[in-house]
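Listing of structure.txt; format and content: compact mmCIF, C-alpha atoms.
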```
# COMPACT_ATOMS: atom_id res chain seq x y z
CA MET A 649 -24.50 -32.17 7.05
CA LYS A 650 -24.85 -31.36 3.36
CA THR A 651 -22.48 -31.48 0.40
CA PRO A 652 -23.11 -28.48 -1.89
CA GLN A 653 -22.92 -29.19 -5.63
CA ASN A 654 -20.52 -26.32 -6.37
CA ILE A 655 -18.39 -25.28 -3.42
CA SER A 656 -17.11 -21.93 -4.78
CA GLU A 657 -20.65 -20.95 -5.84
CA PHE A 658 -21.99 -22.02 -2.44
CA LYS A 659 -19.37 -19.84 -0.73
CA GLN A 660 -20.40 -16.88 -2.89
CA LYS A 661 -24.10 -17.47 -2.21
CA VAL A 662 -23.50 -17.79 1.54
CA LEU A 663 -21.88 -14.35 1.66
CA HIS A 664 -24.49 -12.63 -0.50
CA TRP A 665 -27.31 -14.32 1.46
CA ALA A 666 -25.82 -13.21 4.80
CA ASN A 667 -25.34 -9.65 3.58
CA GLN A 668 -29.11 -9.09 3.49
CA PHE A 669 -29.03 -8.92 7.31
CA GLU A 670 -27.97 -5.88 9.36
CA VAL A 671 -25.14 -7.86 10.94
CA CYS A 672 -23.08 -10.73 9.57
CA CYS A 673 -19.58 -12.21 9.76
CA PHE A 674 -17.92 -14.37 7.10
CA PHE A 675 -14.52 -15.88 7.93
CA ASP A 676 -12.54 -17.65 5.21
CA SER A 677 -9.31 -19.65 5.66
CA ASN A 678 -8.88 -19.75 1.85
CA GLU A 679 -7.72 -23.37 2.02
CA TYR A 680 -4.63 -22.50 4.05
CA LYS A 681 -4.73 -25.63 6.17
CA ASP A 682 -3.19 -25.34 9.61
CA ALA A 683 -3.44 -27.22 12.88
CA TYR A 684 -5.64 -24.56 14.47
CA SER A 685 -8.40 -23.72 11.96
CA ALA A 686 -11.61 -25.50 12.92
CA TYR A 687 -13.42 -24.77 9.60
CA ASP A 688 -12.66 -23.92 5.97
CA PHE A 689 -15.15 -21.05 6.16
CA ILE A 690 -17.93 -20.01 8.51
CA ILE A 691 -20.84 -17.57 8.28
CA ALA A 692 -22.77 -15.98 11.15
CA ALA A 693 -25.84 -13.91 10.28
CA ASP A 694 -28.68 -11.94 11.89
CA ILE A 695 -28.88 -10.92 15.55
CA HIS A 696 -30.20 -13.01 18.40
CA ALA A 697 -28.45 -10.71 20.91
CA GLU A 698 -25.71 -8.08 20.67
CA LEU A 699 -23.23 -6.18 22.83
CA ILE A 700 -21.96 -2.71 21.85
CA CYS A 701 -19.65 -0.88 24.22
CA SER A 702 -16.83 1.65 24.61
CA ALA A 703 -13.47 1.27 26.33
CA GLY A 704 -13.87 1.40 30.11
CA ASN A 705 -15.17 -1.98 31.24
CA ALA A 706 -15.72 -3.61 27.84
CA PHE A 707 -13.91 -6.87 28.64
CA ASP A 708 -16.00 -7.35 31.80
CA GLN A 709 -19.18 -6.64 29.83
CA LEU A 710 -18.10 -9.28 27.31
CA LYS A 711 -17.58 -11.81 30.13
CA ASN A 712 -21.12 -11.15 31.37
CA PHE A 713 -22.54 -11.32 27.82
CA TYR A 714 -20.85 -14.66 27.19
CA ALA A 715 -21.86 -16.07 30.61
CA PHE A 716 -25.51 -15.13 30.00
CA HIS A 717 -25.75 -16.67 26.51
CA LYS A 718 -23.18 -19.52 26.67
CA GLN A 719 -23.40 -19.67 22.89
CA TRP A 720 -21.33 -18.94 19.78
CA ILE A 721 -20.48 -15.24 19.66
CA PHE A 722 -18.82 -13.27 16.87
CA GLY A 723 -17.33 -9.79 16.91
CA TYR A 724 -14.32 -7.55 17.23
CA PHE A 725 -12.01 -5.71 19.62
CA SER A 726 -10.79 -2.27 18.53
CA TYR A 727 -7.19 -1.25 19.18
CA ASP A 728 -8.41 1.55 21.47
CA LEU A 729 -9.45 -0.94 24.15
CA LYS A 730 -5.80 -0.45 25.16
CA ASN A 731 -7.14 2.56 27.11
CA GLU A 732 -8.97 0.33 29.61
CA ILE A 733 -6.00 -2.03 29.97
CA GLU A 734 -3.31 0.64 30.49
CA ASP A 735 -3.25 4.35 31.37
CA LEU A 736 -3.46 5.49 27.74
CA GLN A 737 -5.58 7.75 25.55
CA SER A 738 -6.75 7.97 21.92
CA ASN A 739 -7.18 11.60 20.84
CA ASN A 740 -6.35 11.47 17.14
CA PRO A 741 -9.12 12.12 14.54
CA ASP A 742 -11.39 9.21 13.62
CA GLY A 743 -13.35 9.26 10.36
CA LEU A 744 -14.91 5.80 10.83
CA ASN A 745 -16.50 5.88 14.32
CA PHE A 746 -16.72 2.13 14.91
CA PRO A 747 -17.70 1.06 18.47
CA ASP A 748 -14.71 -0.03 20.59
CA LEU A 749 -16.16 -3.51 21.08
CA TYR A 750 -18.95 -5.34 19.29
CA PHE A 751 -20.15 -8.94 19.70
CA PHE A 752 -23.34 -10.73 18.75
CA VAL A 753 -25.02 -14.12 19.09
CA PRO A 754 -26.17 -15.00 15.56
CA LYS A 755 -29.54 -16.49 14.62
CA TYR A 756 -27.87 -18.45 11.85
CA LEU A 757 -24.47 -20.12 11.87
CA VAL A 758 -23.27 -22.24 8.97
CA ALA A 759 -19.83 -23.90 8.98
CA PHE A 760 -18.06 -25.57 6.09
CA LYS A 761 -15.37 -28.23 6.41
CA ASP A 762 -13.96 -30.79 3.95
CA GLY A 763 -16.71 -30.30 1.39
CA GLN A 764 -19.55 -30.48 3.94
CA ALA A 765 -21.85 -27.68 5.10
CA GLU A 766 -23.25 -27.90 8.63
CA VAL A 767 -25.85 -25.72 10.37
CA LEU A 768 -24.62 -24.96 13.91
CA LEU A 769 -27.38 -22.44 14.73
CA GLY A 770 -30.79 -22.00 13.09
CA LYS A 771 -33.06 -24.26 11.09
CA GLU A 772 -31.52 -26.93 8.84
CA SER A 773 -33.59 -25.66 5.89
CA VAL A 774 -31.37 -22.56 5.74
CA LEU A 775 -28.98 -24.57 3.54
CA GLU A 776 -31.70 -24.93 0.89
CA GLU A 777 -32.48 -21.23 1.29
CA ILE A 778 -28.81 -20.42 0.57
CA GLU A 779 -28.66 -22.81 -2.41
CA LEU A 780 -31.75 -21.16 -3.92
CA PHE A 781 -30.55 -17.62 -3.22
CA GLN A 782 -30.37 -15.61 -6.44
CA LEU A 783 -27.08 -13.79 -6.91
CA GLN A 784 -27.75 -10.31 -8.20
CA LYS A 785 -25.01 -8.68 -10.22
CA LYS A 786 -24.61 -5.10 -9.07
CA GLU A 787 -22.62 -2.45 -10.86
CA GLU A 788 -18.98 -2.56 -9.86
CA SER A 789 -17.55 0.30 -7.82
CA GLY A 790 -15.75 2.92 -9.87
CA THR A 791 -12.24 4.12 -9.13
CA ILE A 792 -11.94 5.45 -5.58
CA GLN A 793 -9.76 8.53 -5.10
CA ILE A 794 -7.34 7.66 -2.32
CA SER A 795 -5.48 10.29 -0.27
CA GLN A 796 -2.66 9.84 2.24
CA ARG A 797 -2.57 11.47 5.65
CA LEU A 798 1.22 11.77 5.50
CA SER A 799 3.45 12.81 2.62
CA LYS A 800 6.59 10.75 2.04
CA ASP A 801 8.69 13.54 3.62
CA GLN A 802 6.43 13.73 6.70
CA TYR A 803 6.56 9.94 7.07
CA ILE A 804 10.37 9.89 6.84
CA HIS A 805 10.66 12.76 9.35
CA LYS A 806 8.48 10.88 11.87
CA VAL A 807 10.42 7.63 11.41
CA GLU A 808 13.69 9.48 12.07
CA ALA A 809 12.16 10.98 15.23
CA LEU A 810 11.13 7.50 16.39
CA ARG A 811 14.65 6.20 15.70
CA SER A 812 15.96 8.95 18.00
CA HIS A 813 13.68 7.56 20.77
CA ILE A 814 15.24 4.13 20.16
CA LEU A 815 18.75 5.63 20.35
CA ARG A 816 17.82 7.25 23.69
CA GLY A 817 16.64 3.88 25.00
CA ASP A 818 12.93 4.79 25.32
CA ILE A 819 11.93 1.77 23.20
CA TYR A 820 13.53 -1.03 21.16
CA GLU A 821 10.91 -1.18 18.42
CA VAL A 822 7.64 0.54 17.48
CA ASN A 823 4.99 -0.27 14.89
CA PHE A 824 4.34 3.00 13.08
CA CYS A 825 1.33 3.28 10.74
CA GLN A 826 -0.17 5.72 8.27
CA GLU A 827 -3.70 6.10 6.90
CA PHE A 828 -4.91 6.01 3.32
CA PHE A 829 -8.49 7.30 3.06
CA SER A 830 -11.32 8.43 0.80
CA GLU A 831 -14.23 10.74 1.59
CA ASN A 832 -17.58 10.42 -0.20
CA ALA A 833 -16.56 6.91 -1.26
CA GLU A 834 -19.24 4.60 -2.61
CA ILE A 835 -18.43 0.91 -2.85
CA GLU A 836 -20.33 -2.36 -3.01
CA PRO A 837 -18.85 -3.99 0.12
CA VAL A 838 -19.51 -7.63 -0.84
CA GLN A 839 -18.06 -7.29 -4.32
CA THR A 840 -15.11 -5.28 -2.99
CA PHE A 841 -14.37 -8.02 -0.44
CA GLU A 842 -14.71 -10.77 -3.05
CA LEU A 843 -12.19 -9.00 -5.29
CA LEU A 844 -9.79 -8.44 -2.36
CA ASN A 845 -10.14 -12.09 -1.33
CA LYS A 846 -9.44 -13.15 -4.93
CA ILE A 847 -6.38 -10.90 -5.40
CA SER A 848 -5.02 -11.54 -1.91
CA PRO A 849 -6.37 -14.79 -0.39
CA THR A 850 -5.12 -15.18 3.18
CA PRO A 851 -5.73 -17.59 6.09
CA PHE A 852 -7.70 -15.17 8.29
CA ALA A 853 -9.72 -13.28 5.68
CA GLY A 854 -13.08 -11.93 6.74
CA TYR A 855 -16.12 -9.86 5.88
CA VAL A 856 -17.78 -8.15 8.85
CA LYS A 857 -20.93 -6.04 8.53
CA VAL A 858 -22.22 -4.28 11.64
CA HIS A 859 -25.10 -1.85 11.08
CA GLY A 860 -23.62 -0.21 7.97
CA LYS A 861 -19.99 -0.40 9.11
CA TYR A 862 -17.76 -2.86 7.27
CA ILE A 863 -14.44 -4.66 7.72
CA LEU A 864 -13.19 -6.16 4.44
CA SER A 865 -10.07 -8.03 5.46
CA ALA A 866 -7.27 -9.97 3.77
CA THR A 867 -5.22 -10.37 6.93
CA PRO A 868 -2.59 -13.12 7.04
CA GLU A 869 -2.02 -12.84 10.80
CA ARG A 870 -3.43 -14.70 13.78
CA PHE A 871 -3.53 -12.78 17.07
CA LEU A 872 -4.54 -15.54 19.46
CA CYS A 873 -6.46 -18.78 19.43
CA LYS A 874 -7.51 -21.23 22.12
CA ARG A 875 -8.10 -24.90 21.36
CA GLY A 876 -8.89 -26.88 24.48
CA SER A 877 -6.11 -26.15 26.95
CA LYS A 878 -3.67 -24.62 24.43
CA LEU A 879 -3.20 -20.93 23.58
CA THR A 880 -1.38 -20.07 20.34
CA SER A 881 -0.20 -16.75 18.91
CA GLN A 882 1.48 -16.23 15.51
CA PRO A 883 2.98 -12.75 15.16
CA ILE A 884 4.24 -11.53 11.78
CA LYS A 885 7.38 -9.42 11.56
CA GLY A 886 9.34 -9.46 8.32
CA THR A 887 8.07 -8.76 4.80
CA ALA A 888 9.55 -9.20 1.31
CA LYS A 889 8.04 -8.58 -2.12
CA ARG A 890 7.39 -11.62 -4.31
CA SER A 891 8.78 -12.13 -7.81
CA THR A 892 7.01 -13.72 -10.78
CA VAL A 893 10.29 -15.45 -11.68
CA GLN A 894 10.45 -18.66 -9.64
CA GLU A 895 14.22 -18.75 -9.08
CA GLU A 896 14.28 -15.08 -8.06
CA ASP A 897 11.26 -15.64 -5.79
CA GLU A 898 13.05 -18.51 -4.02
CA ALA A 899 16.15 -16.33 -3.59
CA ILE A 900 14.04 -13.53 -2.04
CA LYS A 901 12.51 -16.09 0.32
CA LEU A 902 15.96 -17.33 1.44
CA GLN A 903 17.18 -13.76 1.82
CA LEU A 904 14.22 -12.90 4.09
CA ARG A 905 14.84 -16.03 6.18
CA SER A 906 18.45 -14.98 6.86
CA ASP A 907 17.92 -11.19 7.09
CA ILE A 908 19.46 -10.09 10.41
CA LYS A 909 17.30 -6.93 10.66
CA GLU A 910 14.05 -8.84 10.03
CA GLN A 911 15.09 -11.55 12.52
CA ALA A 912 15.85 -8.89 15.15
CA GLU A 913 12.39 -7.32 14.64
CA ASN A 914 10.74 -10.73 14.82
CA VAL A 915 12.53 -11.96 17.93
CA MET A 916 11.72 -8.75 19.87
CA ILE A 917 8.01 -9.37 19.24
CA VAL A 918 8.35 -13.08 20.02
CA ASP A 919 9.80 -12.12 23.42
CA LEU A 920 6.94 -9.66 23.96
CA VAL A 921 4.31 -12.30 23.05
CA ARG A 922 6.00 -14.84 25.33
CA HIS A 923 5.71 -12.30 28.14
CA ASP A 924 2.03 -11.66 27.33
CA LEU A 925 1.20 -15.39 27.24
CA THR A 926 2.99 -15.98 30.55
CA LYS A 927 0.18 -14.02 32.28
CA SER A 928 -2.32 -16.71 31.19
CA ALA A 929 -0.11 -19.81 31.13
CA ILE A 930 0.58 -22.72 33.43
CA LYS A 931 4.03 -21.87 34.81
CA GLY A 932 6.88 -22.97 32.55
CA SER A 933 4.65 -23.99 29.63
CA VAL A 934 5.32 -21.10 27.19
CA THR A 935 7.21 -22.42 24.16
CA VAL A 936 8.32 -21.06 20.78
CA ASP A 937 7.04 -23.75 18.39
CA GLU A 938 8.50 -22.08 15.28
CA LEU A 939 10.92 -19.17 14.96
CA PHE A 940 11.32 -17.24 11.69
CA GLY A 941 8.98 -19.43 9.63
CA ILE A 942 8.64 -18.11 6.06
CA TYR A 943 5.14 -18.20 4.59
CA SER A 944 4.22 -17.08 1.07
CA PHE A 945 1.12 -15.10 0.06
CA PRO A 946 0.23 -13.70 -3.38
CA GLN A 947 1.93 -10.29 -2.89
CA VAL A 948 4.50 -10.97 -0.17
CA HIS A 949 6.60 -13.46 1.75
CA GLN A 950 6.18 -13.08 5.54
CA MET A 951 8.28 -14.11 8.52
CA ILE A 952 5.93 -15.69 11.07
CA SER A 953 6.76 -17.18 14.45
CA THR A 954 4.49 -19.41 16.53
CA ILE A 955 4.33 -19.23 20.34
CA SER A 956 2.08 -21.39 22.50
CA CYS A 957 1.37 -22.30 26.11
CA GLU A 958 -0.81 -24.47 28.28
CA PHE A 959 -3.74 -22.31 29.42
CA ASN A 960 -4.10 -21.80 33.17
CA PRO A 961 -7.69 -22.97 33.95
CA GLU A 962 -7.92 -20.57 36.90
CA ILE A 963 -7.90 -17.63 34.44
CA HIS A 964 -11.02 -16.60 32.51
CA PHE A 965 -10.38 -17.15 28.80
CA ILE A 966 -11.49 -13.56 28.02
CA ASP A 967 -8.77 -12.37 30.42
CA ALA A 968 -6.28 -14.37 28.29
CA ILE A 969 -7.32 -12.20 25.33
CA LYS A 970 -7.08 -9.05 27.46
CA ASN A 971 -3.64 -10.09 28.81
CA ALA A 972 -2.22 -10.20 25.27
CA PHE A 973 -4.09 -7.21 23.83
CA PRO A 974 -3.26 -5.25 21.75
CA MET A 975 -1.05 -7.69 19.90
CA GLY A 976 2.68 -7.04 20.20
CA SER A 977 3.28 -7.13 16.45
CA MET A 978 1.21 -3.92 16.12
CA THR A 979 2.62 -2.06 19.13
CA GLY A 980 6.33 -2.55 19.84
CA ALA A 981 8.54 -3.03 22.87
CA PRO A 982 8.29 -2.07 25.65
CA LYS A 983 4.60 -2.19 24.87
CA VAL A 984 3.14 0.69 26.90
CA LYS A 985 5.84 3.20 25.94
CA ALA A 986 5.52 2.14 22.30
CA MET A 987 1.75 2.76 22.42
CA LYS A 988 2.33 6.23 23.91
CA LEU A 989 4.68 7.08 21.03
CA ILE A 990 2.19 5.65 18.50
CA GLU A 991 -0.42 8.06 19.84
CA GLU A 992 2.08 10.93 19.65
CA TYR A 993 3.43 10.34 16.14
CA GLU A 994 0.51 8.83 14.24
CA VAL A 995 -2.09 11.31 13.02
CA THR A 996 -5.18 9.05 12.83
CA LYS A 997 -6.98 7.06 15.50
CA ARG A 998 -6.47 3.36 14.78
CA GLY A 999 -9.90 2.17 15.87
CA ILE A 1000 -10.58 -1.30 14.49
CA TYR A 1001 -7.30 -1.23 12.51
CA SER A 1002 -4.72 -3.34 14.40
CA GLY A 1003 -7.54 -4.59 16.58
CA SER A 1004 -8.97 -8.07 16.08
CA PHE A 1005 -12.07 -9.92 14.93
CA GLY A 1006 -13.08 -13.53 15.34
CA CYS A 1007 -15.36 -15.84 17.28
CA ILE A 1008 -15.80 -17.64 20.59
CA SER A 1009 -17.40 -21.10 20.76
CA PRO A 1010 -19.88 -22.30 23.44
CA ASP A 1011 -17.10 -24.22 25.22
CA GLY A 1012 -14.76 -21.19 25.42
CA ASP A 1013 -12.45 -21.92 22.51
CA PHE A 1014 -11.73 -18.92 20.27
CA ASP A 1015 -9.79 -17.69 17.26
CA PHE A 1016 -8.94 -14.03 16.59
CA ASN A 1017 -6.93 -12.41 13.81
CA VAL A 1018 -5.04 -9.12 13.53
CA VAL A 1019 -6.89 -6.45 11.53
CA ILE A 1020 -4.27 -5.52 8.93
CA ARG A 1021 -4.50 -5.47 5.09
CA SER A 1022 -8.13 -4.44 5.59
CA ILE A 1023 -10.53 -1.92 4.07
CA LEU A 1024 -12.72 -0.21 6.70
CA TYR A 1025 -15.87 1.48 5.48
CA ASN A 1026 -18.68 3.50 7.04
CA ALA A 1027 -21.51 3.37 4.49
CA GLU A 1028 -23.52 6.11 6.22
CA SER A 1029 -20.73 8.72 6.20
CA LYS A 1030 -19.19 7.23 3.01
CA TYR A 1031 -15.77 7.30 4.67
CA LEU A 1032 -13.31 4.61 3.56
CA SER A 1033 -9.98 3.97 5.25
CA PHE A 1034 -7.11 1.54 5.37
CA GLN A 1035 -3.84 1.78 7.24
CA VAL A 1036 -0.45 0.23 6.71
CA GLY A 1037 2.67 0.24 8.81
CA GLY A 1038 5.78 -1.57 9.85
CA ALA A 1039 8.23 -2.14 12.64
CA ILE A 1040 10.71 0.67 13.21
CA THR A 1041 13.99 -0.35 14.83
CA TYR A 1042 17.28 1.51 14.99
CA GLN A 1043 18.43 -0.38 11.86
CA SER A 1044 15.39 0.85 9.91
CA ASN A 1045 15.90 2.90 6.79
CA ALA A 1046 13.01 5.41 6.64
CA ALA A 1047 12.76 5.43 2.83
CA SER A 1048 12.75 1.60 2.72
CA GLU A 1049 10.05 1.48 5.41
CA TYR A 1050 7.94 3.83 3.29
CA GLU A 1051 8.33 1.53 0.27
CA GLU A 1052 7.31 -1.46 2.43
CA CYS A 1053 4.13 0.43 3.40
CA LEU A 1054 3.29 0.88 -0.29
CA LEU A 1055 3.95 -2.82 -0.90
CA LYS A 1056 1.53 -3.77 1.89
CA ALA A 1057 -1.04 -1.34 0.45
CA SER A 1058 -0.69 -2.66 -3.12
CA ALA A 1059 -3.46 -5.29 -3.06
CA ILE A 1060 -6.00 -2.85 -1.58
CA LEU A 1061 -5.04 -0.07 -4.01
CA LYS A 1062 -5.50 -2.55 -6.87
CA VAL A 1063 -8.94 -3.56 -5.56
CA LEU A 1064 -10.02 0.08 -5.30
CA GLY A 1065 -8.75 0.83 -8.79
CA SER A 1066 -6.19 3.37 -7.56
```
Would you write out, as structure tokens, the structure that this file holds?
Amino acid sequence: MKTPQNISEFKQKVLHWANQFEVCCFFDSNEYKDAYSAYDFIIAADIHAELICSAGNAFDQLKNFYAFHKQWIFGYFSYDLKNEIEDLQSNNPDGLNFPDLYFFVPKYLVAFKDGQAEVLLGKESVLEEIELFQLQKKEESGTIQISQRLSKDQYIHKVEALRSHILRGDIYEVNFCQEFFSENAEIEPVQTFELLNKISPTPFAGYVKVHGKYILSATPERFLCKRGSKLTSQPIKGTAKRSTVQEEDEAIKLQLRSDIKEQAENVMIVDLVRHDLTKSAIKGSVTVDELFGIYSFPQVHQMISTISCEFNPEIHFIDAIKNAFPMGSMTGAPKVKAMKLIEEYEVTKRGIYSGSFGCISPDGDFDFNVVIRSILYNAESKYLSFQVGGAITYQSNAASEYEECLLKASAILKVLGS
């Protein structure tokens, strides 16, 4: 255990130090204290062993990888792993080309909690190495030219088509997303993440570097975590723009809390998550701990519900992840039909977007987020992408949904200077 002299400087040095390796993960709770976060921030760097695989038998390969190493592992699940869980396909264009699943055992693992830094993997002297690491100021990225895959008219047309599916009874709700992208984009990933994390600090923020592919994330959403015998999921459905005027901001918050449309969206996903957790739960133990909780972040207020259960010990904990994947907040209900319509109406492969990254501990506890509000970047091809979306129900107004997409994109557009 060590107490760094300057915590914010230590955090900055940790990230820059880790970035010198081919693979690293930095997860930051940004001081949003909750009952489930084990650390304030954690950094995993360099490769002791790694697993890279495509949809097919990826979850089984991960089970074998974990069983062999029985150690901390860090990594991500892409949305397209849905294709090994259900009879689905992903045929839309993909400019990023991330692997479907990636996990690694790090050589170095440093965790920070309550002002104390602790080395969980690697030599203790790594803390001195980090403290002495010289921060090098690189030139900031210039303005990135961002394009949209869909025009406003195209987006509205597709939303109206999805509403007609709801009217016919095919689905109740679908999460429909659109891509913002840039070709020949050159960014400094660490500095871009630091700016994003400053503009939009969130509880499940993260920087993931995997062989020149980057996830720079300001996600506020937890997909699933396991602490001992308890599984917890916290889906987000319901968004409202913040105001700089305190009284107005409070009024917006109250309005979101009582908004019938937002509540309807939220409760549909709560029911879906309850169903997903039932597959991994001790019978009768699934509970809704909080319904329609309102949480405030720098750009938006969000409606977040919390669902938990007692984990059935006869089920492998990786199967608990698989049983709930992809997360209901990013699909819709019924889940499989919603995913088929997502494939039909969206024009870009989701890949890591609306997937999940996080870590698994040696005793089988884990914490995984939802990859939203995230910049995805392939440094080799210089392709940069981020996607935004929202829940479409029959009550949805297509033009309002489009404006909500722009609101969700605002922090990233600001970071990229667009």
Self-check item: Residues near segment 900-902 of chain A, cut-off 8 Å, all atoms listed in the file, skip fewer than 3 positions along chain, as an NGL selection string
Solution: :A and (888-891 or 896-897 or 905-906 or 942 or 949)
Take the residues that were just selected and, keeping C-alpha atoms, output them as a PDB file, in the frame of the given file.
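Writing done, so here's result.pdb:
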```pdb
ATOM      1  CA  ALA A 888       9.550  -9.200   1.310  1.00  0.00           C
ATOM      2  CA  LYS A 889       8.040  -8.580  -2.120  1.00  0.00           C
ATOM      3  CA  ARG A 890       7.390 -11.620  -4.310  1.00  0.00           C
ATOM      4  CA  SER A 891       8.780 -12.130  -7.810  1.00  0.00           C
ATOM      5  CA  GLU A 896      14.280 -15.080  -8.060  1.00  0.00           C
ATOM      6  CA  ASP A 897      11.260 -15.640  -5.790  1.00  0.00           C
ATOM      7  CA  ARG A 905      14.840 -16.030   6.180  1.00  0.00           C
ATOM      8  CA  SER A 906      18.450 -14.980   6.860  1.00  0.00           C
ATOM      9  CA  ILE A 942       8.640 -18.110   6.060  1.00  0.00           C
ATOM     10  CA  HIS A 949       6.600 -13.460   1.750  1.00  0.00           C
TER      11      HIS A 949
END
```
Quiz item: Given the choices A:Glu992, A:Val1063, A:Leu925, A:Thr850, which gets closest to Tyr680 of chain A if the distance is worked out from only C-alpha atoms?
Solution: A:Thr850
Practice problem: Just the residues within 10 Å of Ser1044 of chain A, please, counting all atoms listed in the file, with nothing from its chain fewer than 4 positions along; format it as a list in words. | Solution: Val807, Glu808, Arg811, Glu821, Lys909, Glu910, Glu913, Gly1038, Ala1039, Ile1040, Ser1048 and Glu1049 of chain A
Quiz item: In terms of the shortest atom-to-atom distance over only C-alpha atoms, which of A:Thr996, A:Ala686, A:Pro741, A:Cys673 is closest to Tyr756 of chain A?
Solution: A:Cys673
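Using all atoms listed in the file for every distance, the candidate list A:Asn740, A:Thr791, A:Thr935, A:Ser928 yields A:Thr935 as the residue closest to Thr954 of chain A.
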Quiz prompt | Exercise: residues within 12 Å of coordinate (-18.3, -4.1, -1.6), counting all atoms listed in the file, as number ranges by chain | solution = A: 663-664, 667, 785-790, 833-845, 855-857, 860-865, 1023-1027, 1032, 1063-1064
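Going from atom CA of Ser953 of chain A to atom CA of Gln894 of chain A covers 24.4 Å.
Nearest to Lys985 of chain A of all the residues A:Val822, A:Val921, A:Leu1055, A:Leu872 is A:Val822, counting all atoms listed in the file.
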Quiz item: Which is closest to Gly723 of chain A among A:Val948, A:Ile655, A:Val936, A:Val858, if we use only C-alpha atoms?
Solution: A:Val858
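Non-sequential neighbours of Gly1006 of chain A (distance at most 10 Å, separation of 5 or more positions within a chain, all atoms listed in the file) are Cys673, Phe674, Phe675, Ile721, Phe722, Gly723, Tyr724, Phe725, Phe751, Phe852, Gly854, Val856, Arg870, Phe871, Leu872, Cys873, Phe1014, Asp1015, Phe1016, Asn1017 and Val1018 of chain A.
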